[in-house]
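The structure file coords14.cif is reproduced below (mmCIF, C-alpha atoms and all ligand atoms).
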data_data
#
loop_
_atom_site.group_PDB
_atom_site.id
_atom_site.type_symbol
_atom_site.label_atom_id
_atom_site.label_comp_id
_atom_site.auth_asym_id
_atom_site.auth_seq_id
_atom_site.Cartn_x
_atom_site.Cartn_y
_atom_site.Cartn_z
ATOM 1 C CA MET I 16 -76.974 318.115 119.926
ATOM 2 C CA GLU I 17 -74.481 317.041 117.274
ATOM 3 C CA VAL I 18 -72.192 315.374 119.795
ATOM 4 C CA ALA I 19 -75.127 313.537 121.286
ATOM 5 C CA ARG I 20 -76.044 312.208 117.833
ATOM 6 C CA LEU I 21 -72.503 311.035 117.183
ATOM 7 C CA ALA I 22 -72.194 309.458 120.644
ATOM 8 C CA VAL I 23 -74.297 306.462 119.657
ATOM 9 C CA GLU I 24 -71.463 305.392 117.379
ATOM 10 C CA LEU I 25 -68.933 304.929 120.204
ATOM 11 C CA PRO I 26 -66.167 302.670 119.001
ATOM 12 C CA LEU I 27 -65.608 299.555 121.074
ATOM 13 C CA ASP I 28 -61.829 299.427 120.655
ATOM 14 C CA GLN I 29 -59.213 301.181 122.793
ATOM 15 C CA ASP I 30 -57.771 303.540 120.175
ATOM 16 C CA ARG I 31 -58.054 307.293 120.012
ATOM 17 C CA HIS I 32 -60.367 308.511 117.259
ATOM 18 C CA PHE I 33 -60.441 311.772 115.314
ATOM 19 C CA ARG I 34 -63.179 312.329 112.837
ATOM 20 C CA LYS I 35 -64.278 315.266 110.701
ATOM 21 C CA PHE I 36 -67.947 316.082 110.710
ATOM 22 C CA ASN I 37 -70.223 318.609 109.166
ATOM 23 C CA SER I 38 -72.928 320.380 111.104
ATOM 24 C CA ASN I 39 -75.272 322.691 109.210
ATOM 25 C CA GLY I 40 -72.534 323.563 106.712
ATOM 26 C CA GLN I 41 -69.961 324.193 109.443
ATOM 27 C CA GLY I 42 -66.953 321.872 109.651
ATOM 28 C CA GLY I 43 -65.890 320.292 112.919
ATOM 29 C CA LEU I 44 -63.574 317.767 114.514
ATOM 30 C CA ARG I 45 -64.733 315.070 116.896
ATOM 31 C CA VAL I 46 -62.197 313.551 119.302
ATOM 32 C CA LEU I 47 -62.654 310.342 121.284
ATOM 33 C CA VAL I 48 -60.012 309.315 123.854
ATOM 34 C CA PRO I 49 -60.464 306.116 125.871
ATOM 35 C CA PHE I 50 -59.667 306.032 129.646
ATOM 36 C CA ARG I 51 -58.343 302.853 131.116
ATOM 37 C CA GLU I 52 -57.864 301.501 134.620
ATOM 38 C CA GLN I 53 -54.277 300.880 135.719
ATOM 39 C CA ASP I 54 -54.691 297.251 134.722
ATOM 40 C CA GLY I 55 -55.820 298.329 131.240
ATOM 41 C CA THR I 56 -59.583 297.657 131.536
ATOM 42 C CA PRO I 57 -61.685 300.335 129.830
ATOM 43 C CA ALA I 58 -63.134 302.914 132.196
ATOM 44 C CA GLY I 59 -64.753 305.304 129.762
ATOM 45 C CA TYR I 60 -64.140 307.887 127.044
ATOM 46 C CA PHE I 61 -63.315 311.510 126.825
ATOM 47 C CA GLU I 62 -65.294 312.911 123.962
ATOM 48 C CA GLY I 63 -65.060 316.387 122.518
ATOM 49 C CA ALA I 64 -66.288 318.219 119.450
ATOM 50 C CA PHE I 65 -64.570 321.277 118.062
ATOM 51 C CA LEU I 66 -66.519 323.400 115.641
ATOM 52 C CA VAL I 67 -64.214 325.274 113.263
ATOM 53 C CA ASP I 68 -64.994 328.959 113.064
ATOM 54 C CA PRO I 69 -66.187 329.702 109.453
ATOM 55 C CA GLU I 70 -63.794 332.661 109.258
ATOM 56 C CA LEU I 71 -60.814 330.475 110.223
ATOM 57 C CA ALA I 72 -61.917 327.783 107.737
ATOM 58 C CA GLY I 73 -62.102 330.396 104.966
ATOM 59 C CA ARG I 74 -58.632 331.688 105.812
ATOM 60 C CA LEU I 75 -57.216 328.154 105.759
ATOM 61 C CA ARG I 76 -58.793 327.537 102.358
ATOM 62 C CA GLU I 77 -57.380 330.800 100.995
ATOM 63 C CA ASP I 78 -53.900 329.966 102.301
ATOM 64 C CA LEU I 79 -54.120 326.561 100.678
ATOM 65 C CA ALA I 80 -55.205 328.069 97.340
ATOM 66 C CA VAL I 81 -52.323 330.589 97.432
ATOM 67 C CA THR I 82 -49.801 327.829 98.250
ATOM 68 C CA LEU I 83 -51.122 325.705 95.383
ATOM 69 C CA LEU I 84 -50.950 328.617 92.940
ATOM 70 C CA VAL I 85 -47.351 329.421 93.917
ATOM 71 C CA ALA I 86 -46.368 325.753 93.502
ATOM 72 C CA LEU I 87 -48.095 325.556 90.118
ATOM 73 C CA ALA I 88 -46.430 328.767 88.907
ATOM 74 C CA ALA I 89 -43.018 327.434 89.982
ATOM 75 C CA VAL I 90 -43.563 324.123 88.163
ATOM 76 C CA THR I 91 -44.800 325.886 84.999
ATOM 77 C CA LEU I 92 -41.872 328.316 85.014
ATOM 78 C CA THR I 93 -39.320 325.522 85.423
ATOM 79 C CA THR I 94 -40.955 323.510 82.644
ATOM 80 C CA LEU I 95 -40.953 326.535 80.316
ATOM 81 C CA CYS I 96 -37.257 327.148 80.994
ATOM 82 C CA LEU I 97 -36.348 323.488 80.420
ATOM 83 C CA TYR I 98 -38.627 322.938 77.399
ATOM 84 C CA PRO I 99 -36.326 324.444 74.717
ATOM 85 C CA ILE I 100 -33.365 322.513 76.142
ATOM 86 C CA ILE I 101 -35.312 319.224 76.123
ATOM 87 C CA LEU I 102 -36.609 319.967 72.629
ATOM 88 C CA SER I 103 -33.161 320.639 71.203
ATOM 89 C CA LEU I 104 -31.668 317.567 72.908
ATOM 90 C CA ASN I 105 -34.505 315.513 71.488
ATOM 91 C CA ARG I 106 -33.936 316.966 68.003
ATOM 92 C CA ASN I 107 -30.278 315.990 68.217
ATOM 93 C CA VAL I 108 -31.151 312.436 69.224
ATOM 94 C CA VAL I 109 -33.660 312.153 66.354
ATOM 95 C CA ARG I 110 -31.134 313.553 63.853
ATOM 96 C CA GLN I 111 -28.384 311.253 65.039
ATOM 97 C CA SER I 112 -30.578 308.158 64.896
ATOM 98 C CA ARG I 113 -31.711 309.156 61.367
ATOM 99 C CA ASP I 114 -28.074 309.561 60.285
ATOM 100 C CA LEU I 115 -27.236 306.195 61.808
ATOM 101 C CA LEU I 116 -30.169 304.544 60.041
ATOM 102 C CA ALA I 117 -29.240 306.173 56.718
ATOM 103 C CA GLY I 118 -25.655 304.938 57.179
ATOM 104 C CA ASN I 119 -26.842 301.408 57.873
ATOM 105 C CA ILE I 120 -29.120 301.419 54.815
ATOM 106 C CA GLU I 121 -26.202 302.655 52.696
ATOM 107 C CA LEU I 122 -24.039 299.869 54.091
ATOM 108 C CA MET I 123 -26.726 297.315 53.154
ATOM 109 C CA GLU I 124 -26.882 298.689 49.594
ATOM 110 C CA VAL I 125 -23.098 298.859 49.230
ATOM 111 C CA VAL I 126 -22.600 295.262 50.359
ATOM 112 C CA GLY I 127 -25.470 294.165 48.080
ATOM 113 C CA THR I 128 -23.902 295.990 45.138
ATOM 114 C CA ALA I 129 -20.467 294.509 45.872
ATOM 115 C CA ILE I 130 -21.765 290.968 45.543
ATOM 116 C CA ALA I 131 -23.886 291.837 42.488
ATOM 117 C CA LYS I 132 -20.703 293.116 40.776
ATOM 118 C CA ARG I 133 -19.019 289.751 41.263
ATOM 119 C CA ASP I 134 -22.019 287.628 40.401
ATOM 120 C CA SER I 135 -22.777 288.418 36.736
ATOM 121 C CA MET I 136 -25.865 290.457 37.558
ATOM 122 C CA THR I 137 -26.709 294.063 38.303
ATOM 123 C CA SER I 138 -27.653 295.439 41.670
ATOM 124 C CA MET I 139 -31.093 296.052 40.155
ATOM 125 C CA HIS I 140 -31.872 292.419 41.043
ATOM 126 C CA HIS I 141 -31.782 293.535 44.696
ATOM 127 C CA PHE I 142 -33.990 296.571 44.140
ATOM 128 C CA ARG I 143 -36.520 294.569 42.120
ATOM 129 C CA VAL I 144 -36.590 291.584 44.409
ATOM 130 C CA ALA I 145 -36.945 293.817 47.480
ATOM 131 C CA THR I 146 -39.879 295.589 45.801
ATOM 132 C CA TYR I 147 -41.591 292.295 44.893
ATOM 133 C CA ALA I 148 -40.943 291.010 48.423
ATOM 134 C CA VAL I 149 -42.517 294.049 50.110
ATOM 135 C CA ARG I 150 -45.588 293.907 47.839
ATOM 136 C CA LEU I 151 -46.078 290.192 48.480
ATOM 137 C CA ALA I 152 -45.537 290.719 52.210
ATOM 138 C CA GLU I 153 -48.187 293.471 52.189
ATOM 139 C CA GLU I 154 -50.559 291.170 50.312
ATOM 140 C CA VAL I 155 -50.247 288.430 52.954
ATOM 141 C CA GLY I 156 -50.311 290.867 55.898
ATOM 142 C CA LEU I 157 -46.742 290.466 57.197
ATOM 143 C CA ASP I 158 -46.203 292.325 60.492
ATOM 144 C CA PRO I 159 -44.901 295.749 59.295
ATOM 145 C CA ALA I 160 -42.214 295.598 61.991
ATOM 146 C CA ARG I 161 -40.581 292.724 60.059
ATOM 147 C CA MET I 162 -40.620 294.491 56.720
ATOM 148 C CA GLY I 163 -37.189 296.075 57.330
ATOM 149 C CA ASP I 164 -35.678 292.622 57.940
ATOM 150 C CA LEU I 165 -37.209 291.374 54.694
ATOM 151 C CA ILE I 166 -35.783 294.309 52.687
ATOM 152 C CA ALA I 167 -32.330 293.916 54.268
ATOM 153 C CA GLY I 168 -32.540 290.189 53.491
ATOM 154 C CA ALA I 169 -33.431 290.917 49.860
ATOM 155 C CA PHE I 170 -30.277 293.053 49.499
ATOM 156 C CA LEU I 171 -28.002 290.651 51.312
ATOM 157 C CA HIS I 172 -29.392 287.194 50.495
ATOM 158 C CA ASP I 173 -26.370 286.125 48.445
ATOM 159 C CA VAL I 174 -23.732 288.115 50.348
ATOM 160 C CA GLY I 175 -21.899 284.853 51.115
ATOM 161 C CA LYS I 176 -21.078 284.479 47.406
ATOM 162 C CA ILE I 177 -18.218 286.905 48.083
ATOM 163 C CA GLY I 178 -16.447 283.882 49.553
ATOM 164 C CA ILE I 179 -17.053 281.553 46.575
ATOM 165 C CA SER I 180 -14.182 281.187 44.112
ATOM 166 C CA ASP I 181 -14.512 282.730 40.630
ATOM 167 C CA ASN I 182 -14.191 279.417 38.762
ATOM 168 C CA ILE I 183 -17.398 278.246 40.452
ATOM 169 C CA LEU I 184 -19.251 281.548 40.811
ATOM 170 C CA LEU I 185 -18.594 282.653 37.231
ATOM 171 C CA LYS I 186 -18.673 279.247 35.538
ATOM 172 C CA PRO I 187 -20.719 279.596 32.317
ATOM 173 C CA GLY I 188 -22.267 276.117 32.231
ATOM 174 C CA SER I 189 -23.959 274.132 34.957
ATOM 175 C CA LEU I 190 -22.041 273.102 38.064
ATOM 176 C CA ASP I 191 -20.937 269.518 38.740
ATOM 177 C CA ALA I 192 -21.863 267.885 42.065
ATOM 178 C CA ASP I 193 -18.730 269.078 43.920
ATOM 179 C CA GLU I 194 -19.053 272.588 42.576
ATOM 180 C CA ALA I 195 -22.754 272.706 43.501
ATOM 181 C CA GLU I 196 -21.805 271.586 47.036
ATOM 182 C CA ALA I 197 -19.169 274.338 47.216
ATOM 183 C CA MET I 198 -21.724 276.885 46.002
ATOM 184 C CA LYS I 199 -24.067 275.939 48.892
ATOM 185 C CA ARG I 200 -21.387 277.274 51.243
ATOM 186 C CA HIS I 201 -22.562 280.799 50.369
ATOM 187 C CA VAL I 202 -25.359 280.386 52.932
ATOM 188 C CA PRO I 203 -23.223 279.841 56.087
ATOM 189 C CA LEU I 204 -20.597 282.259 54.696
ATOM 190 C CA GLY I 205 -23.331 284.886 54.372
ATOM 191 C CA VAL I 206 -24.435 284.398 57.970
ATOM 192 C CA ASP I 207 -20.770 284.760 59.087
ATOM 193 C CA ILE I 208 -20.465 288.063 57.222
ATOM 194 C CA LEU I 209 -23.691 289.382 58.821
ATOM 195 C CA ARG I 210 -22.336 288.607 62.283
ATOM 196 C CA LYS I 211 -19.915 291.531 61.879
ATOM 197 C CA SER I 212 -22.783 293.983 62.310
ATOM 198 C CA ASN I 213 -25.742 293.861 64.676
ATOM 199 C CA TRP I 214 -27.754 295.897 62.220
ATOM 200 C CA LEU I 215 -27.003 293.608 59.257
ATOM 201 C CA MET I 216 -27.973 290.605 61.395
ATOM 202 C CA ARG I 217 -31.599 291.582 60.831
ATOM 203 C CA ALA I 218 -31.201 290.033 57.353
ATOM 204 C CA ARG I 219 -30.267 286.692 58.898
ATOM 205 C CA ASP I 220 -33.577 284.839 58.443
ATOM 206 C CA VAL I 221 -33.520 285.481 54.701
ATOM 207 C CA VAL I 222 -29.792 284.848 54.241
ATOM 208 C CA GLU I 223 -29.845 281.627 56.249
ATOM 209 C CA TYR I 224 -33.048 280.127 54.816
ATOM 210 C CA HIS I 225 -33.417 281.476 51.261
ATOM 211 C CA HIS I 226 -32.540 278.109 49.704
ATOM 212 C CA GLU I 227 -34.939 276.062 51.838
ATOM 213 C CA LYS I 228 -37.855 274.460 50.012
ATOM 214 C CA PHE I 229 -41.324 274.053 51.459
ATOM 215 C CA ASP I 230 -41.146 270.232 51.245
ATOM 216 C CA GLY I 231 -37.803 270.179 53.122
ATOM 217 C CA SER I 232 -35.676 269.268 50.091
ATOM 218 C CA GLY I 233 -33.742 272.554 50.004
ATOM 219 C CA TYR I 234 -30.469 273.397 51.702
ATOM 220 C CA GLY I 235 -29.334 275.526 54.591
ATOM 221 C CA LYS I 236 -30.788 273.719 57.558
ATOM 222 C CA GLY I 237 -33.131 271.431 55.589
ATOM 223 C CA LEU I 238 -36.224 272.938 57.252
ATOM 224 C CA ALA I 239 -39.715 272.328 55.850
ATOM 225 C CA GLY I 240 -43.108 274.050 55.888
ATOM 226 C CA GLU I 241 -43.775 276.756 58.440
ATOM 227 C CA ARG I 242 -40.549 275.973 60.296
ATOM 228 C CA ILE I 243 -38.890 278.068 57.578
ATOM 229 C CA PRO I 244 -39.211 281.692 58.752
ATOM 230 C CA LEU I 245 -42.056 283.485 56.980
ATOM 231 C CA ILE I 246 -39.856 286.253 55.542
ATOM 232 C CA ALA I 247 -37.562 283.632 53.978
ATOM 233 C CA ARG I 248 -40.574 281.838 52.441
ATOM 234 C CA ILE I 249 -41.833 285.149 51.018
ATOM 235 C CA PHE I 250 -38.385 285.978 49.676
ATOM 236 C CA THR I 251 -37.873 282.599 47.977
ATOM 237 C CA VAL I 252 -40.946 283.067 45.767
ATOM 238 C CA VAL I 253 -39.919 286.500 44.514
ATOM 239 C CA ASP I 254 -36.201 285.678 44.172
ATOM 240 C CA VAL I 255 -36.973 282.736 41.886
ATOM 241 C CA PHE I 256 -39.511 284.807 39.941
ATOM 242 C CA ASP I 257 -37.051 287.655 39.321
ATOM 243 C CA ALA I 258 -34.216 285.242 38.434
ATOM 244 C CA LEU I 259 -36.517 283.546 35.897
ATOM 245 C CA THR I 260 -37.736 286.754 34.281
ATOM 246 C CA SER I 261 -34.275 288.409 34.123
ATOM 247 C CA LYS I 262 -31.617 287.983 31.495
ATOM 248 C CA ARG I 263 -28.212 286.979 32.844
ATOM 249 C CA SER I 264 -24.932 286.595 30.972
ATOM 250 C CA TYR I 265 -25.426 282.808 30.851
ATOM 251 C CA LYS I 266 -29.189 282.634 30.158
ATOM 252 C CA ASP I 267 -32.134 284.380 28.569
ATOM 253 C CA ALA I 268 -35.151 285.627 30.464
ATOM 254 C CA VAL I 269 -38.251 283.396 30.402
ATOM 255 C CA SER I 270 -41.601 284.995 29.605
ATOM 256 C CA PHE I 271 -43.895 286.242 32.358
ATOM 257 C CA GLY I 272 -46.422 283.483 31.588
ATOM 258 C CA ASP I 273 -43.798 280.718 31.768
ATOM 259 C CA ALA I 274 -42.410 282.099 35.021
ATOM 260 C CA ILE I 275 -45.893 282.119 36.583
ATOM 261 C CA THR I 276 -46.462 278.521 35.394
ATOM 262 C CA MET I 277 -43.203 277.506 37.103
ATOM 263 C CA ILE I 278 -44.218 279.261 40.338
ATOM 264 C CA ARG I 279 -47.605 277.512 40.190
ATOM 265 C CA ASP I 280 -45.944 274.127 39.568
ATOM 266 C CA GLY I 281 -43.593 274.683 42.513
ATOM 267 C CA ALA I 282 -46.422 275.568 44.972
ATOM 268 C CA GLY I 283 -46.337 273.083 47.854
ATOM 269 C CA SER I 284 -42.966 271.579 46.896
ATOM 270 C CA PHE I 285 -40.620 274.488 46.256
ATOM 271 C CA PHE I 286 -42.790 277.300 47.634
ATOM 272 C CA ASP I 287 -45.267 277.817 50.453
ATOM 273 C CA PRO I 288 -48.511 277.272 48.445
ATOM 274 C CA ARG I 289 -50.326 280.132 50.208
ATOM 275 C CA LEU I 290 -47.535 282.557 49.257
ATOM 276 C CA ALA I 291 -47.207 281.243 45.694
ATOM 277 C CA GLU I 292 -50.947 281.734 45.223
ATOM 278 C CA ALA I 293 -50.829 285.255 46.711
ATOM 279 C CA PHE I 294 -47.927 286.181 44.442
ATOM 280 C CA ILE I 295 -49.700 284.868 41.340
ATOM 281 C CA ARG I 296 -52.675 287.070 42.352
ATOM 282 C CA ILE I 297 -50.621 290.283 42.353
ATOM 283 C CA ALA I 298 -47.804 289.421 39.922
ATOM 284 C CA GLU I 299 -49.041 290.677 36.570
ATOM 285 C CA PRO I 300 -49.584 294.411 37.234
ATOM 286 C CA LEU I 301 -46.565 294.437 39.538
ATOM 287 C CA TYR I 302 -44.306 292.844 36.907
ATOM 288 C CA ARG I 303 -45.515 295.273 34.218
ATOM 289 C CA GLU I 304 -45.015 298.218 36.567
ATOM 290 C CA ILE I 305 -41.436 297.222 37.418
ATOM 291 C CA ARG I 306 -40.484 296.376 33.823
ATOM 292 C CA ALA I 307 -41.925 299.656 32.516
ATOM 293 C CA ALA I 308 -40.014 301.731 35.077
ATOM 294 C CA SER I 309 -36.448 302.928 34.580
ATOM 295 C CA ASP I 310 -33.781 301.715 36.991
ATOM 296 C CA ALA I 311 -33.857 305.122 38.684
ATOM 297 C CA GLU I 312 -37.636 304.887 39.160
ATOM 298 C CA VAL I 313 -37.436 301.369 40.613
ATOM 299 C CA GLU I 314 -34.759 302.598 43.019
ATOM 300 C CA ALA I 315 -36.755 305.691 43.984
ATOM 301 C CA ARG I 316 -39.921 303.679 44.686
ATOM 302 C CA LEU I 317 -38.029 301.190 46.794
ATOM 303 C CA ARG I 318 -36.404 304.027 48.741
ATOM 304 C CA ALA I 319 -39.885 305.311 49.596
ATOM 305 C CA LEU I 320 -40.744 301.845 50.947
ATOM 306 C CA ILE I 321 -37.461 301.767 52.865
ATOM 307 C CA ASP I 322 -38.290 305.141 54.461
ATOM 308 C CA ARG I 323 -41.698 303.860 55.488
ATOM 309 C CA TYR I 324 -40.724 300.476 56.852
ATOM 310 C CA PHE I 325 -37.318 301.064 58.419
ATOM 311 C CA ALA I 326 -38.710 303.891 60.536
ATOM 312 C CA LEU I 327 -41.256 301.377 61.860
ATOM 313 C CA SER I 328 -38.870 298.596 62.684
ATOM 314 C CA SER I 329 -35.670 300.326 63.794
HETATM 315 FE FE FE X 401 -28.491 282.183 47.263
HETATM 316 FE FE FE X 402 -31.211 286.340 44.139
#
Show me this structure written as structure tokens.
Amino acid sequence: MEVARLAVELPLDQDRHFRKFNSNGQGGLRVLVPFREQDGTPAGYFEGAFLVDPELAGRLREDLAVTLLVALAAVTLTTLCLYPIILSLNRNVVRQSRDLLAGNIELMEVVGTAIAKRDSMTSMHHFRVATYAVRLAEEVGLDPARMGDLIAGAFLHDVGKIGISDNILLKPGSLDADEAEAMKRHVPLGVDILRKSNWLMRARDVVEYHHEKFDGSGYGKGLAGERIPLIARIFTVVDVFDALTSKRSYKDAVSFGDAITMIRDGAGSFFDPRLAEAFIRIAEPLYREIRAASDAEVEARLRALIDRYFALSS
């Protein structure tokens, strides 16, 4: 009866057909084989239906289940044996990459300190300016993956000053035109120094563009507006602010209020106006917080930021 029902679906092609079917809960296989004349014209079909004995079907299913269980047990056992090995290898890789990162951060701080020692300021300028830069970057929603580059840039922005002669770098008064020109060389010199290390190269945008001005009147490449990389524009605001509010051997610190007035006046010409405005919004509590903290506290807080952001971007 079942075969008769299926027969109405005879295929019209010349291929052999095998199809599973189900008859009252019992599985079966239907076979259709075409017969052809010697010249290839179709002559008819052989059609057969094989009903699988329920006992045989059950045995097949059991065998399949046992095979699957054995395979699963083997896979699980192998995984369990390999797991501790994989875990310990992974731990080693994590530890080594942490050590490497810590070494690179140390290198960044050492190079930053070396230039600070030559340039009549303390390395605290780097710690403060990096802290201001991160806070401003957070305020304007900088991609966290770029935060590490910004911090490295804050430490290394003036690294090229290592190549500027003492009579210019340490001159007490203002520089004449030739000396000012020579001083500008610290930007390309800085980029050359960074080239010695792939890791330090992440600071490049800040080092190369930290003397650009928003209206294009700065130096470096003479870029203007948003063609200056965002992290360099962020850095410029906070570098000028910290230079203004810090005492150096050749100048006194200006008051917080005067520094903010100068930042406001420079918005649109010296600084990206959006960033100047954002900095003015957050500056007061941030300035008080940094000035009230000891050097060790400023360093410790920045190290916490370094831990957070270098893990994200390395
Ligand atoms: Fe500079
Ligand atoms: Fe600076």
Please write as a list in words the full residue list that the PyMOL selection byres (((chain I and resi 193-205) around 9) and not hetatm) yields on this file. Leu171, His172, Asp173, Val174, Gly175, Lys176, Ile177, Gly178, Ile179, Ser180, Ile183, Leu184, Ser189, Leu190, Asp191, Ala192, Val206, Asp207, Ile208, Leu209, Arg210, Arg219, Val222, Glu223, Tyr224, His225, His226, Tyr234 and Gly235 of chain I
Could you tell me, counting only C-alpha atoms and all ligand atoms, which protein and nucleic acid residues lie no more than 9 Å from ligand FE 402 (chain X), written as a PDB file with C-alpha atoms, keeping the file's coordinate frame?
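Saved result, part.pdb, follows:
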ATOM      1  CA  HIS I 140     -31.872 292.419  41.043  1.00  0.00           C
ATOM      2  CA  HIS I 141     -31.782 293.535  44.696  1.00  0.00           C
ATOM      3  CA  VAL I 144     -36.590 291.584  44.409  1.00  0.00           C
ATOM      4  CA  ALA I 169     -33.431 290.917  49.860  1.00  0.00           C
ATOM      5  CA  PHE I 170     -30.277 293.053  49.499  1.00  0.00           C
ATOM      6  CA  LEU I 171     -28.002 290.651  51.312  1.00  0.00           C
ATOM      7  CA  HIS I 172     -29.392 287.194  50.495  1.00  0.00           C
ATOM      8  CA  ASP I 173     -26.370 286.125  48.445  1.00  0.00           C
ATOM      9  CA  HIS I 225     -33.417 281.476  51.261  1.00  0.00           C
ATOM     10  CA  THR I 251     -37.873 282.599  47.977  1.00  0.00           C
ATOM     11  CA  VAL I 253     -39.919 286.500  44.514  1.00  0.00           C
ATOM     12  CA  ASP I 254     -36.201 285.678  44.172  1.00  0.00           C
ATOM     13  CA  VAL I 255     -36.973 282.736  41.886  1.00  0.00           C
ATOM     14  CA  ASP I 257     -37.051 287.655  39.321  1.00  0.00           C
ATOM     15  CA  ALA I 258     -34.216 285.242  38.434  1.00  0.00           C
TER      16      ALA I 258
END
> In terms of the shortest atom-to-atom distance over all atoms listed in the file, which of I:Val90, I:Ala131, I:Val269, I:Leu83 is closest to ligand FE 401 (chain X)?
Replying inline: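 Once distances to ligand FE 401 (chain X) are computed over all atoms listed in the file, the minimum belongs to I:Ala131.
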* Asked: For the file shown, what are the residues hit by the PyMOL selection byres (((chain I and resi 260) around 9) and not hetatm), laid out as JSON, numbers by chain?
  -> {"I": [255, 256, 257, 258, 259, 261, 262, 267, 268, 269, 270, 271, 273, 274]}
Pairwise distance, atom CA of I:Asp68 with atom CA of I:Arg45, equals 14.4 Å
What's the separation between atom CA of I:Arg248 and atom CA of I:Phe285, in Å to one decimal place?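 Calculated distance between atom CA of I:Arg248 and atom CA of I:Phe285 is 9.6 Å.
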query = Given the file above and the PyMOL selection byres (((chain I and resi 147) around 9) and not hetatm), which residues are selected, and can you give them as a list in words?
reply =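 This file gives the following for the PyMOL selection byres (((chain I and resi 147) around 9) and not hetatm): Phe142, Arg143, Val144, Ala145, Thr146, Ala148, Val149, Arg150, Leu151, Ala152, Phe250, Val253, Asp254, Asp257, Phe294, Ala298, Leu301, Tyr302 and Ile305 of chain I.
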Could you give me, as a list in words, the residues that have an atom at most 6 Å away from the point (-25.3, 279.9, 33.4) in the coordinates of the file, using all atoms listed in the file?
Pro187, Gly188, Tyr265 and Lys266 of chain I
task: Choose the residue, out of I:Ala167, I:Ile297, I:Ala72, I:Ala282, that has the smallest atom-to-atom separation from I:Ile246; count all atoms listed in the file.
output: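 Of I:Ala167, I:Ile297, I:Ala72, I:Ala282, the one nearest I:Ile246 is I:Ala167, counting all atoms listed in the file.
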Inset, instruction - One decimal, Å: what's the distance from atom CA of I:Ile166 over to atom CA of I:Ile275, could you say? - result: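 About the pair atom CA of I:Ile166 and atom CA of I:Ile275: they are 22.6 Å apart.
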Residue among I:Thr276, I:Val221, I:Gln29, I:Asn107 lying closest to I:Ala58, counting only C-alpha atoms
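Among I:Thr276, I:Val221, I:Gln29, I:Asn107, it is I:Gln29 that comes nearest to I:Ala58.
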_Around (-26.6, 296.7, 57.2), as given in the file, which residues come within 9 Å? Count only C-alpha atoms and list them as an MDAnalysis selection string._
chainID I and resid 118:126 167 171 209 212:218
Axis-aligned box for all listed atoms of stretch 274-291 of chain I, 5 Å per side, centre and edges in Å to one decimal, as lines of an AutoDock Vina configuration file:
center_x = -45.5
center_y = 277.1
center_z = 42.7
size_x = 19.7
size_y = 21.0
size_z = 25.4
